[in-house]
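data26.cif (mmCIF, C-alpha atoms) appears below.
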data_run
#
loop_
_atom_site.label_atom_id
_atom_site.label_comp_id
_atom_site.auth_asym_id
_atom_site.auth_seq_id
_atom_site.Cartn_x
_atom_site.Cartn_y
_atom_site.Cartn_z
CA MET A 1 0.00 0.00 0.00
CA SER A 2 1.48 3.34 -1.04
CA LYS A 3 2.43 5.90 1.58
CA VAL A 4 0.45 9.14 1.92
CA PHE A 5 2.38 12.37 2.53
CA VAL A 6 0.68 15.56 3.63
CA LEU A 7 2.88 18.45 2.52
CA ALA A 8 2.04 21.55 4.58
CA PRO A 9 4.87 24.09 4.48
CA ASP A 10 4.77 27.86 4.75
CA SER A 11 6.67 29.95 2.24
CA PHE A 12 10.46 30.13 2.48
CA LYS A 13 10.69 33.91 2.38
CA GLU A 14 12.52 35.34 -0.65
CA SER A 15 13.20 31.81 -1.89
CA MET A 16 9.95 29.96 -2.70
CA THR A 17 6.24 30.16 -2.12
CA ALA A 18 4.46 27.56 0.00
CA GLU A 19 3.09 26.00 -3.18
CA GLN A 20 6.55 25.80 -4.74
CA ALA A 21 7.82 24.21 -1.53
CA CYS A 22 5.09 21.54 -1.78
CA PHE A 23 6.21 20.59 -5.27
CA ALA A 24 9.89 20.56 -4.28
CA MET A 25 9.05 18.19 -1.42
CA GLN A 26 7.04 15.97 -3.75
CA ARG A 27 9.86 15.75 -6.29
CA GLY A 28 12.29 14.64 -3.61
CA ILE A 29 9.93 12.01 -2.20
CA GLU A 30 9.07 10.60 -5.63
CA LYS A 31 12.73 9.84 -6.31
CA VAL A 32 12.49 7.26 -3.53
CA ILE A 33 8.81 6.20 -3.45
CA ALA A 34 7.47 6.34 -6.98
CA ASP A 35 3.89 5.44 -6.03
CA ALA A 36 3.61 7.80 -3.04
CA GLN A 37 0.38 9.76 -2.69
CA PHE A 38 0.44 13.48 -1.91
CA ILE A 39 -1.92 15.96 -0.32
CA HIS A 40 -0.67 19.50 -0.84
CA VAL A 41 -1.72 22.02 1.79
CA PRO A 42 0.32 25.21 1.23
CA MET A 43 0.17 27.08 4.53
CA ALA A 44 0.52 30.58 5.98
CA ASP A 45 0.07 32.28 9.35
CA GLY A 46 -1.76 35.44 8.35
CA GLY A 47 1.23 36.98 6.60
CA GLU A 48 2.67 36.46 3.15
CA GLY A 49 0.94 33.69 1.23
CA THR A 50 -2.32 33.62 3.21
CA VAL A 51 -4.48 34.52 0.21
CA ASP A 52 -2.74 32.03 -2.06
CA ALA A 53 -2.93 29.26 0.57
CA LEU A 54 -6.66 29.64 1.19
CA VAL A 55 -7.58 30.14 -2.47
CA ALA A 56 -5.67 26.94 -3.35
CA ALA A 57 -7.09 24.92 -0.46
CA ARG A 58 -10.70 26.02 -0.96
CA THR A 59 -10.74 26.12 -4.78
CA GLY A 60 -11.39 29.83 -4.67
CA ARG A 61 -10.46 32.57 -7.09
CA LYS A 62 -8.40 35.72 -7.12
CA VAL A 63 -10.04 39.11 -7.57
CA TYR A 64 -7.72 41.66 -9.18
CA VAL A 65 -7.95 45.32 -8.16
CA GLU A 66 -6.04 48.58 -8.32
CA VAL A 67 -5.77 50.33 -4.96
CA ALA A 68 -3.75 52.96 -3.15
CA GLY A 69 -0.24 51.91 -2.23
CA PRO A 70 1.58 52.87 0.98
CA LEU A 71 2.58 56.32 -0.36
CA ALA A 72 0.36 59.17 -1.52
CA GLN A 73 -0.37 59.06 -5.26
CA GLN A 74 0.98 55.49 -5.47
CA ARG A 75 -1.33 52.97 -7.15
CA ILE A 76 -0.86 49.20 -6.80
CA SER A 77 -2.23 46.42 -9.00
CA THR A 78 -2.92 43.54 -6.64
CA TYR A 79 -5.48 40.90 -5.72
CA TRP A 80 -7.44 39.37 -2.89
CA GLY A 81 -9.13 35.98 -2.61
CA LEU A 82 -12.73 34.82 -2.76
CA ILE A 83 -13.61 31.43 -1.25
CA GLU A 84 -16.65 29.50 0.00
CA ASP A 85 -18.75 30.17 -3.12
CA GLY A 86 -18.08 33.86 -2.93
CA GLN A 87 -19.17 34.25 0.67
CA THR A 88 -15.74 34.83 2.22
CA ALA A 89 -13.03 37.27 1.18
CA VAL A 90 -9.38 36.77 2.09
CA ILE A 91 -7.22 39.89 2.15
CA GLU A 92 -3.54 40.45 2.93
CA MET A 93 -2.93 44.04 3.95
CA ALA A 94 0.64 43.76 2.66
CA MET A 95 -0.67 43.19 -0.87
CA ALA A 96 -1.67 46.87 -0.85
CA ASN A 97 0.40 48.45 1.91
CA GLY A 98 3.33 46.11 2.46
CA ILE A 99 6.96 46.89 3.14
CA HIS A 100 8.05 45.20 -0.09
CA LEU A 101 6.16 47.78 -2.18
CA ILE A 102 8.53 50.70 -1.59
CA GLU A 103 12.30 51.05 -1.69
CA LYS A 104 14.11 51.15 1.62
CA SER A 105 15.11 54.80 1.06
CA GLN A 106 11.43 55.78 0.68
CA ARG A 107 10.10 54.05 3.80
CA ASN A 108 8.68 56.59 6.21
CA PRO A 109 5.87 55.57 8.61
CA LEU A 110 5.02 59.23 9.20
CA ILE A 111 3.46 59.32 5.73
CA THR A 112 2.60 55.73 4.74
CA SER A 113 -1.06 54.78 4.91
CA THR A 114 -3.46 51.81 5.01
CA LEU A 115 -5.85 53.48 2.57
CA GLY A 116 -5.40 50.68 0.01
CA THR A 117 -6.33 48.02 2.56
CA GLY A 118 -9.61 49.84 3.14
CA GLU A 119 -10.18 49.94 -0.60
CA MET A 120 -9.74 46.17 -0.79
CA ILE A 121 -12.26 45.73 2.04
CA LYS A 122 -14.71 47.96 0.16
CA ALA A 123 -14.19 45.91 -3.02
CA ALA A 124 -15.04 42.76 -1.06
CA LEU A 125 -18.18 44.37 0.37
CA ASP A 126 -19.18 45.37 -3.16
CA LEU A 127 -19.24 41.67 -4.09
CA GLY A 128 -21.58 40.89 -1.21
CA VAL A 129 -19.36 38.79 1.01
CA GLY A 130 -20.57 37.93 4.49
CA LYS A 131 -17.14 37.32 5.99
CA ILE A 132 -13.69 38.88 5.53
CA ILE A 133 -10.42 37.40 6.76
CA ILE A 134 -7.59 39.96 6.88
CA GLY A 135 -3.93 38.98 7.32
CA LEU A 136 -1.80 41.70 8.89
CA GLY A 137 1.81 40.61 8.28
CA GLY A 138 4.44 42.62 6.42
CA SER A 139 3.13 46.18 6.75
CA VAL A 140 5.06 49.40 6.15
CA THR A 141 2.47 51.59 7.91
CA ASN A 142 1.95 53.10 11.37
CA ASP A 143 -1.37 54.95 11.02
CA ALA A 144 -3.55 52.89 13.41
CA GLY A 145 -5.73 51.94 10.48
CA ALA A 146 -6.89 55.53 9.92
CA GLY A 147 -6.34 55.23 6.17
CA MET A 148 -8.32 52.01 6.08
CA ALA A 149 -11.19 53.62 7.97
CA GLN A 150 -11.12 56.68 5.69
CA ALA A 151 -11.51 54.44 2.62
CA LEU A 152 -14.62 53.00 4.25
CA GLY A 153 -16.23 56.39 4.90
CA ALA A 154 -14.81 57.64 8.21
CA LYS A 155 -13.78 61.30 8.31
CA PHE A 156 -10.96 62.73 10.42
CA LEU A 157 -11.14 66.49 10.94
CA ASP A 158 -8.73 69.08 12.37
CA GLU A 159 -9.53 72.02 14.66
CA ASN A 160 -10.87 73.96 11.67
CA ASN A 161 -13.11 71.08 10.64
CA HIS A 162 -10.94 70.34 7.61
CA PRO A 163 -10.06 66.76 6.59
CA VAL A 164 -6.70 65.49 7.86
CA ASP A 165 -4.43 63.63 5.46
CA VAL A 166 -3.93 60.08 6.66
CA GLY A 167 -0.54 58.83 7.82
CA GLY A 168 1.10 58.15 11.15
CA GLY A 169 2.57 61.64 11.29
CA GLN A 170 -0.78 63.41 10.91
CA LEU A 171 -2.84 61.66 13.59
CA GLN A 172 -2.01 64.38 16.13
CA GLN A 173 -3.87 66.92 13.98
CA ILE A 174 -7.18 65.06 14.32
CA LYS A 175 -9.60 66.73 16.70
CA SER A 176 -12.86 65.03 15.73
CA ILE A 177 -13.99 61.77 14.14
CA ASP A 178 -17.10 61.51 11.98
CA ILE A 179 -18.36 57.99 11.28
CA SER A 180 -21.80 58.98 10.04
CA GLN A 181 -20.80 57.90 6.52
CA LEU A 182 -18.97 54.73 7.56
CA ASP A 183 -20.00 51.87 5.27
CA VAL A 184 -23.14 50.37 6.84
CA ARG A 185 -22.38 46.97 5.31
CA LEU A 186 -19.61 46.49 7.87
CA LYS A 187 -22.23 45.85 10.58
CA ALA A 188 -23.57 42.84 8.70
CA THR A 189 -20.12 41.44 7.88
CA GLU A 190 -18.02 39.16 10.07
CA ILE A 191 -14.44 40.47 9.98
CA ILE A 192 -11.62 38.34 11.35
CA ILE A 193 -8.04 39.53 11.81
CA ALA A 194 -5.46 36.82 11.16
CA SER A 195 -2.38 37.77 13.17
CA ASP A 196 -0.02 36.30 15.74
CA VAL A 197 1.22 39.70 16.93
CA ASN A 198 0.15 40.28 20.53
CA ASN A 199 1.45 43.83 21.01
CA PRO A 200 -0.82 46.62 22.27
CA LEU A 201 -1.15 49.84 20.27
CA CYS A 202 1.05 52.14 22.36
CA GLY A 203 3.93 52.14 24.81
CA PRO A 204 7.31 50.38 24.94
CA ASN A 205 5.79 47.15 23.57
CA GLY A 206 3.49 48.91 21.12
CA ALA A 207 3.43 49.27 17.37
CA SER A 208 5.82 52.22 17.11
CA PHE A 209 8.62 51.15 19.45
CA ILE A 210 8.68 47.51 18.37
CA PHE A 211 7.98 47.63 14.64
CA ALA A 212 8.40 51.19 13.27
CA PRO A 213 12.23 51.14 13.11
CA GLN A 214 12.14 48.35 10.53
CA LYS A 215 9.69 50.48 8.51
CA GLY A 216 12.13 53.40 8.26
CA ALA A 217 11.50 55.27 11.52
CA THR A 218 14.34 57.05 13.33
CA ALA A 219 14.45 57.12 17.14
CA GLU A 220 12.88 60.59 17.08
CA MET A 221 10.15 59.45 14.71
CA VAL A 222 9.32 56.49 16.95
CA GLY A 223 8.51 58.84 19.82
CA ILE A 224 6.31 61.03 17.62
CA LEU A 225 4.48 58.03 16.18
CA ASP A 226 3.77 56.57 19.62
CA GLN A 227 2.39 59.90 20.88
CA ASN A 228 0.21 60.18 17.79
CA LEU A 229 -1.19 56.69 18.24
CA ASP A 230 -1.94 57.48 21.88
CA HIS A 231 -3.73 60.68 20.85
CA PHE A 232 -5.76 58.85 18.21
CA ALA A 233 -6.72 56.04 20.61
CA ALA A 234 -7.85 58.60 23.20
CA LEU A 235 -10.08 60.31 20.62
CA VAL A 236 -11.61 56.98 19.58
CA LYS A 237 -12.31 56.15 23.21
CA GLN A 238 -13.76 59.59 23.98
CA GLN A 239 -15.80 60.17 20.82
CA LEU A 240 -16.75 56.65 19.74
CA ASN A 241 -16.76 54.99 23.16
CA VAL A 242 -14.49 52.24 21.87
CA ASP A 243 -11.53 51.22 24.04
CA VAL A 244 -9.38 48.58 22.32
CA ALA A 245 -5.87 50.10 22.38
CA ASN A 246 -4.61 47.70 25.04
CA LEU A 247 -6.06 44.53 23.56
CA GLN A 248 -3.57 41.96 22.32
CA GLY A 249 -2.93 42.52 18.63
CA ALA A 250 -4.02 46.18 18.57
CA GLY A 251 -0.45 47.06 17.58
CA ALA A 252 -0.33 44.62 14.65
CA ALA A 253 0.53 46.17 11.26
CA GLY A 254 1.28 49.59 12.71
CA GLY A 255 -1.98 49.66 14.63
CA LEU A 256 -4.18 48.39 11.82
CA GLY A 257 -5.34 45.76 14.33
CA PHE A 258 -6.62 48.64 16.48
CA GLY A 259 -8.30 50.36 13.54
CA LEU A 260 -10.06 47.22 12.38
CA MET A 261 -11.35 46.46 15.86
CA ALA A 262 -12.41 50.07 16.47
CA PHE A 263 -14.08 50.86 13.13
CA THR A 264 -15.22 47.50 11.74
CA GLY A 265 -15.84 45.46 14.88
CA ALA A 266 -13.23 42.91 13.79
CA LYS A 267 -12.18 40.06 16.07
CA ILE A 268 -8.55 38.96 16.24
CA ARG A 269 -7.49 35.32 16.06
CA SER A 270 -4.30 33.33 15.56
CA GLY A 271 -3.36 33.48 11.91
CA VAL A 272 -2.14 29.91 11.65
CA GLU A 273 -5.23 28.61 13.45
CA ILE A 274 -7.45 30.35 10.90
CA VAL A 275 -5.49 28.84 8.01
CA ILE A 276 -5.58 25.39 9.65
CA LYS A 277 -9.36 25.61 9.92
CA GLU A 278 -9.98 27.04 6.45
CA THR A 279 -7.69 24.51 4.72
CA ARG A 280 -9.29 21.63 6.66
CA LEU A 281 -5.81 20.50 7.60
CA GLU A 282 -6.94 18.15 10.34
CA GLU A 283 -9.02 15.92 8.07
CA LYS A 284 -6.16 15.81 5.57
CA ILE A 285 -3.54 14.90 8.17
CA ALA A 286 -5.84 12.14 9.41
CA GLN A 287 -5.17 10.37 6.08
CA ALA A 288 -1.38 10.75 6.26
CA ASP A 289 1.44 8.37 6.99
CA TYR A 290 3.86 11.30 7.22
CA VAL A 291 3.49 15.08 7.51
CA PHE A 292 6.14 17.40 6.06
CA THR A 293 6.19 21.09 6.98
CA GLY A 294 8.70 23.92 7.15
CA GLU A 295 9.57 27.54 6.44
CA GLY A 296 12.59 29.77 5.98
CA GLY A 297 13.70 29.74 9.61
CA ILE A 298 12.89 27.56 12.61
CA ASP A 299 13.98 28.33 16.19
CA PHE A 300 12.54 28.70 19.71
CA GLN A 301 10.12 31.38 18.44
CA THR A 302 8.43 28.83 16.17
CA LYS A 303 6.31 27.65 19.09
CA PHE A 304 4.73 31.11 19.41
CA GLY A 305 2.25 30.55 16.60
CA LYS A 306 4.39 29.97 13.53
CA THR A 307 3.11 27.70 10.77
CA PRO A 308 5.26 24.59 11.44
CA PHE A 309 4.20 24.65 15.09
CA GLY A 310 0.53 24.83 14.17
CA VAL A 311 0.92 21.92 11.77
CA ALA A 312 2.81 19.91 14.38
CA GLN A 313 0.11 20.50 16.98
CA VAL A 314 -2.58 19.09 14.68
CA ALA A 315 -0.42 16.10 13.76
CA LYS A 316 0.43 15.44 17.41
CA GLN A 317 -3.26 15.14 18.28
CA LEU A 318 -3.62 12.55 15.52
CA ASN A 319 -0.39 10.75 16.45
CA LYS A 320 1.20 11.39 13.05
CA PRO A 321 4.96 11.89 12.58
CA VAL A 322 5.95 15.43 11.57
CA ILE A 323 9.20 16.30 9.83
CA ALA A 324 10.12 19.98 9.45
CA PHE A 325 12.55 21.58 7.02
CA ALA A 326 14.11 25.04 7.25
CA GLY A 327 16.63 27.16 5.44
CA HIS A 328 18.01 28.22 8.80
CA ILE A 329 17.81 26.46 12.17
CA GLY A 330 18.30 28.80 15.10
CA GLU A 331 18.61 28.60 18.87
CA GLY A 332 16.29 26.62 21.12
CA VAL A 333 15.11 24.24 18.42
CA ASN A 334 15.35 21.29 20.82
CA GLU A 335 12.35 22.72 22.68
CA LEU A 336 10.19 21.84 19.68
CA TYR A 337 10.59 18.09 19.98
CA ALA A 338 8.24 18.06 22.95
CA GLU A 339 5.66 19.94 20.86
CA GLY A 340 4.97 17.31 18.21
CA PHE A 341 8.00 17.52 15.92
CA SER A 342 9.59 14.17 15.07
CA ALA A 343 12.63 15.64 13.33
CA ILE A 344 13.89 19.01 12.05
CA PHE A 345 16.33 19.38 9.17
CA GLY A 346 18.25 22.28 7.68
CA ILE A 347 18.14 22.16 3.89
CA VAL A 348 21.25 24.17 2.99
CA ASP A 349 23.90 22.03 1.30
CA GLY A 350 27.22 23.21 2.71
CA ALA A 351 28.54 26.67 3.53
CA CYS A 352 27.31 29.45 1.25
CA ASP A 353 26.15 33.06 1.34
CA LEU A 354 22.49 33.97 1.86
CA ALA A 355 21.88 34.94 -1.76
CA THR A 356 23.07 31.54 -2.96
CA ALA A 357 20.99 29.71 -0.34
CA LEU A 358 17.85 31.62 -1.38
CA LYS A 359 18.52 31.04 -5.07
CA HIS A 360 18.87 27.27 -4.65
CA GLY A 361 16.10 26.84 -2.06
CA GLU A 362 13.88 24.57 -4.14
CA GLN A 363 16.63 22.15 -5.16
CA ASN A 364 18.00 22.10 -1.61
CA LEU A 365 14.55 21.27 -0.21
CA GLU A 366 14.05 18.60 -2.86
CA ARG A 367 17.43 17.01 -2.10
CA CYS A 368 16.87 17.11 1.67
CA CYS A 369 13.41 15.52 1.39
CA GLU A 370 14.87 12.78 -0.81
CA SER A 371 17.55 12.03 1.79
CA VAL A 372 15.04 11.90 4.64
CA VAL A 373 12.66 9.61 2.74
CA ARG A 374 15.54 7.26 1.88
CA VAL A 375 15.98 6.77 5.62
CA LEU A 376 12.22 6.31 6.12
CA ALA A 377 12.06 3.77 3.28
CA PHE A 378 15.03 1.89 4.73
CA LYS A 379 13.28 1.32 8.07
#
Now, as a test, write the supplied structure out as structure tokens.
Amino acid sequence: MSKVFVLAPDSFKESMTAEQACFAMQRGIEKVIADAQFIHVPMADGGEGTVDALVAARTGRKVYVEVAGPLAQQRISTYWGLIEDGQTAVIEMAMANGIHLIEKSQRNPLITSTLGTGEMIKAALDLGVGKIIIGLGGSVTNDAGAGMAQALGAKFLDENNHPVDVGGGQLQQIKSIDISQLDVRLKATEIIIASDVNNPLCGPNGASFIFAPQKGATAEMVGILDQNLDHFAALVKQQLNVDVANLQGAGAAGGLGFGLMAFTGAKIRSGVEIVIKETRLEEKIAQADYVFTGEGGIDFQTKFGKTPFGVAQVAKQLNKPVIAFAGHIGEGVNELYAEGFSAIFGIVDGACDLATALKHGEQNLERCCESVVRVLAFK
């Protein structure tokens, strides 16, 4: 009887997508077990690849749109996903307002905005969806979701009752919030945030201090951004009677977690848990002899909600062996063996620079899977 392999990796960032990783794994396995059966479940944790993973798993489709990019006057051609017979939209905020969309020299969270994310939400509402899943990984913004809310009809006014341009650096100018024109369809739509970021909106562990430096913020800018977020959150609490700034995940994507909870009533959940549910991973793993997973890097942080950990937890419940592959294996990896992992392998073949390792990721993963399966077949 042929062996069944469930292949459930995340993407290997800058090297291969989760889907490409599935095929690389399959090629390696087939060199040893020609009649092996495969169930591909490309995974994600709310960040890069979430739309592709859910569209592939649920036989959905991509909806192409042009929306505002992170910078003023910037337009981005992108897409979001439609699954469950058109009833559920899957959106990655980074597809419109991600850090990869602007050059490092142009990154400035004082002026970047989530306006395009709001435009994608509006496009989904226009198609009559009843549920929206929004992944928050990879942002280049720090505007607390003000741009997103503006795209959906919210108005932010200064002391002279003039509209305030959105962006993390302008939040301090807002003196009043008008949600009378906020899209009424939001009230009838279930909105779920897919994120494993637990940070609050403000303070030393908030969006600005923890994440803004990697988005181009100087030390001085970080202080300004944090004060602006605090000002904005106080206005929302005072004028809208919504107090969510200290909830876990409010600081995700430069405070977009806060904005979504405050203006759309969104609920936040673990990204990988959402993907596990939507891909029906459990019923697929139940059929497996072996489960292969992996992503670019695996270390002690993997157990805090990363994709391989989520896959391993499901497999552990079903008593299935899980083998993980990574481009880089970091500190504390031994802690993972008590969490459901049977074995963890680094795929890089010998010493090389990062660029070379990324370039040859697929063939390294294929070769490593072949070597592992030769041992399994020898047993």
Would you please work out which residue, of A:Phe263, A:Phe300, A:Phe309, A:Tyr290, is nearest to Val322 (chain A) when using only C-alpha atoms?
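Comparing A:Phe263, A:Phe300, A:Phe309, A:Tyr290 against Val322 (chain A), the winner is A:Tyr290.
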Do you have the CA of Trp80 (chain A)-CA of Ala123 (chain A) distance handy?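 Taking CA of Trp80 (chain A) as the start and CA of Ala123 (chain A) as the end point, the length is 9.4 Å.
What the PyMOL selection byres ((chain A and resi 152) around 7) grabs from this file is Gly118, Lys122, Met148, Ala149, Gln150, Ala151, Gly153, Ala154, Leu182 and Asp183 of chain A.
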Task: Distance criterion (all atoms listed in the file): nearest to Leu101 (chain A) out of A:Pro70, A:Gly81, A:Gly254, A:Gly47 - done: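 Of the candidates, the smallest distance to Leu101 (chain A) is held by A:Pro70.
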The distance between CA of Gln173 (chain A) and CA of Thr114 (chain A) is 17.6 Å
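Among the candidate residues A:Gly257, A:Pro109, A:Gly167, A:Gly249, the one lying nearest to Met221 (chain A) is A:Pro109, with distances computed using only C-alpha atoms.
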Answer key for the PyMOL selection byres ((chain A and resi 303) around 12), residues as a ChimeraX atom specification
/A:196,272,298-302,304-313,332-341
Would you translate the PyMOL selection byres ((chain A and resi 368) around 10) into the concrete set of residues it matches in this file, as an MDAnalysis selection string? chainID A and resid 24:25 28:29 325 345:349 362:367 369:374
Requested in this report: Just give me the gap between CA of Ala212 (chain A) and CA of Ala89 (chain A) in Å, one decimal is fine.
Outcome: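 Computed distance, CA of Ala212 (chain A) to CA of Ala89 (chain A), equals 28.3 Å.
The smallest atom-to-atom distance between Thr17 (chain A) and any of A:Val140, A:Ala53, A:Val184, A:Ile133, using only C-alpha atoms, is found for A:Ala53.
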If you count only C-alpha atoms, the residue of A:Leu110, A:Ile192, A:Leu235, A:Ala124 closest to Glu220 (chain A) turns out to be A:Leu110
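Residue nearest Ser139 (chain A) within the list A:Leu318, A:Ile285, A:Met43, A:Ala207: A:Ala207 [criterion: smallest interatomic distance, only C-alpha atoms].
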Neighbour residues at most 8 Å from (8.9, 45.2, 18.9) (only C-alpha atoms) as a PyMOL selection string:
chain A and resi 199+205-211
Please identify all polymer residues within 12 Å of Asn161 (chain A), counting all atoms listed in the file, omitting same-chain residues fewer than 6 positions from it, and present them as a VMD selection string. chain A and resid 155 173 to 178
Could you pull the residues within 9 Å of region 358-360 of chain A, counting all atoms listed in the file, minus those fewer than 5 positions along the same chain, as an NGL selection string?
:A and (12-16 or 327 or 348 or 353 or 365)
To test the calculation: enclose all listed atoms of region 32-48 of chain A in a box whose edges run along x, y and z, add 6 Å on each side, then state centre and edge lengths in Å to one decimal, as JSON.
{"center_x": 5.3, "center_y": 21.2, "center_z": 1.2, "size_x": 26.4, "size_y": 43.5, "size_z": 28.3}
_Residues within 8 Å of (18.9, 31.4, 10.0), file coordinates, counting all atoms listed in the file: what are they? Give the list as a ChimeraX atom specification._
/A:296-298,327-330
All residues 10 Å or closer to Ile132 (chain A), only C-alpha atoms, same chain fewer than 5 positions away omitted, as number ranges by chain: A: 81-82, 87-91, 121, 124-125, 186, 189-193, 266
### Task
With a distance cut-off of 8 Å and only C-alpha atoms, select the neighbouring residues of region 33-38 of chain A, excluding the residue or stretch itself and same-chain residues fewer than 3 positions from it, and output the selection as a ChimeraX atom specification.
/A:2-7,26,29-30,377
Name the residues in contact with Gly135 (chain A) at a cut-off of 6 Å, using all atoms listed in the file, excluding same-chain residues fewer than 2 positions from it; report them as a list in words. Gly46, Gly47, Glu92 and Ala194 of chain A
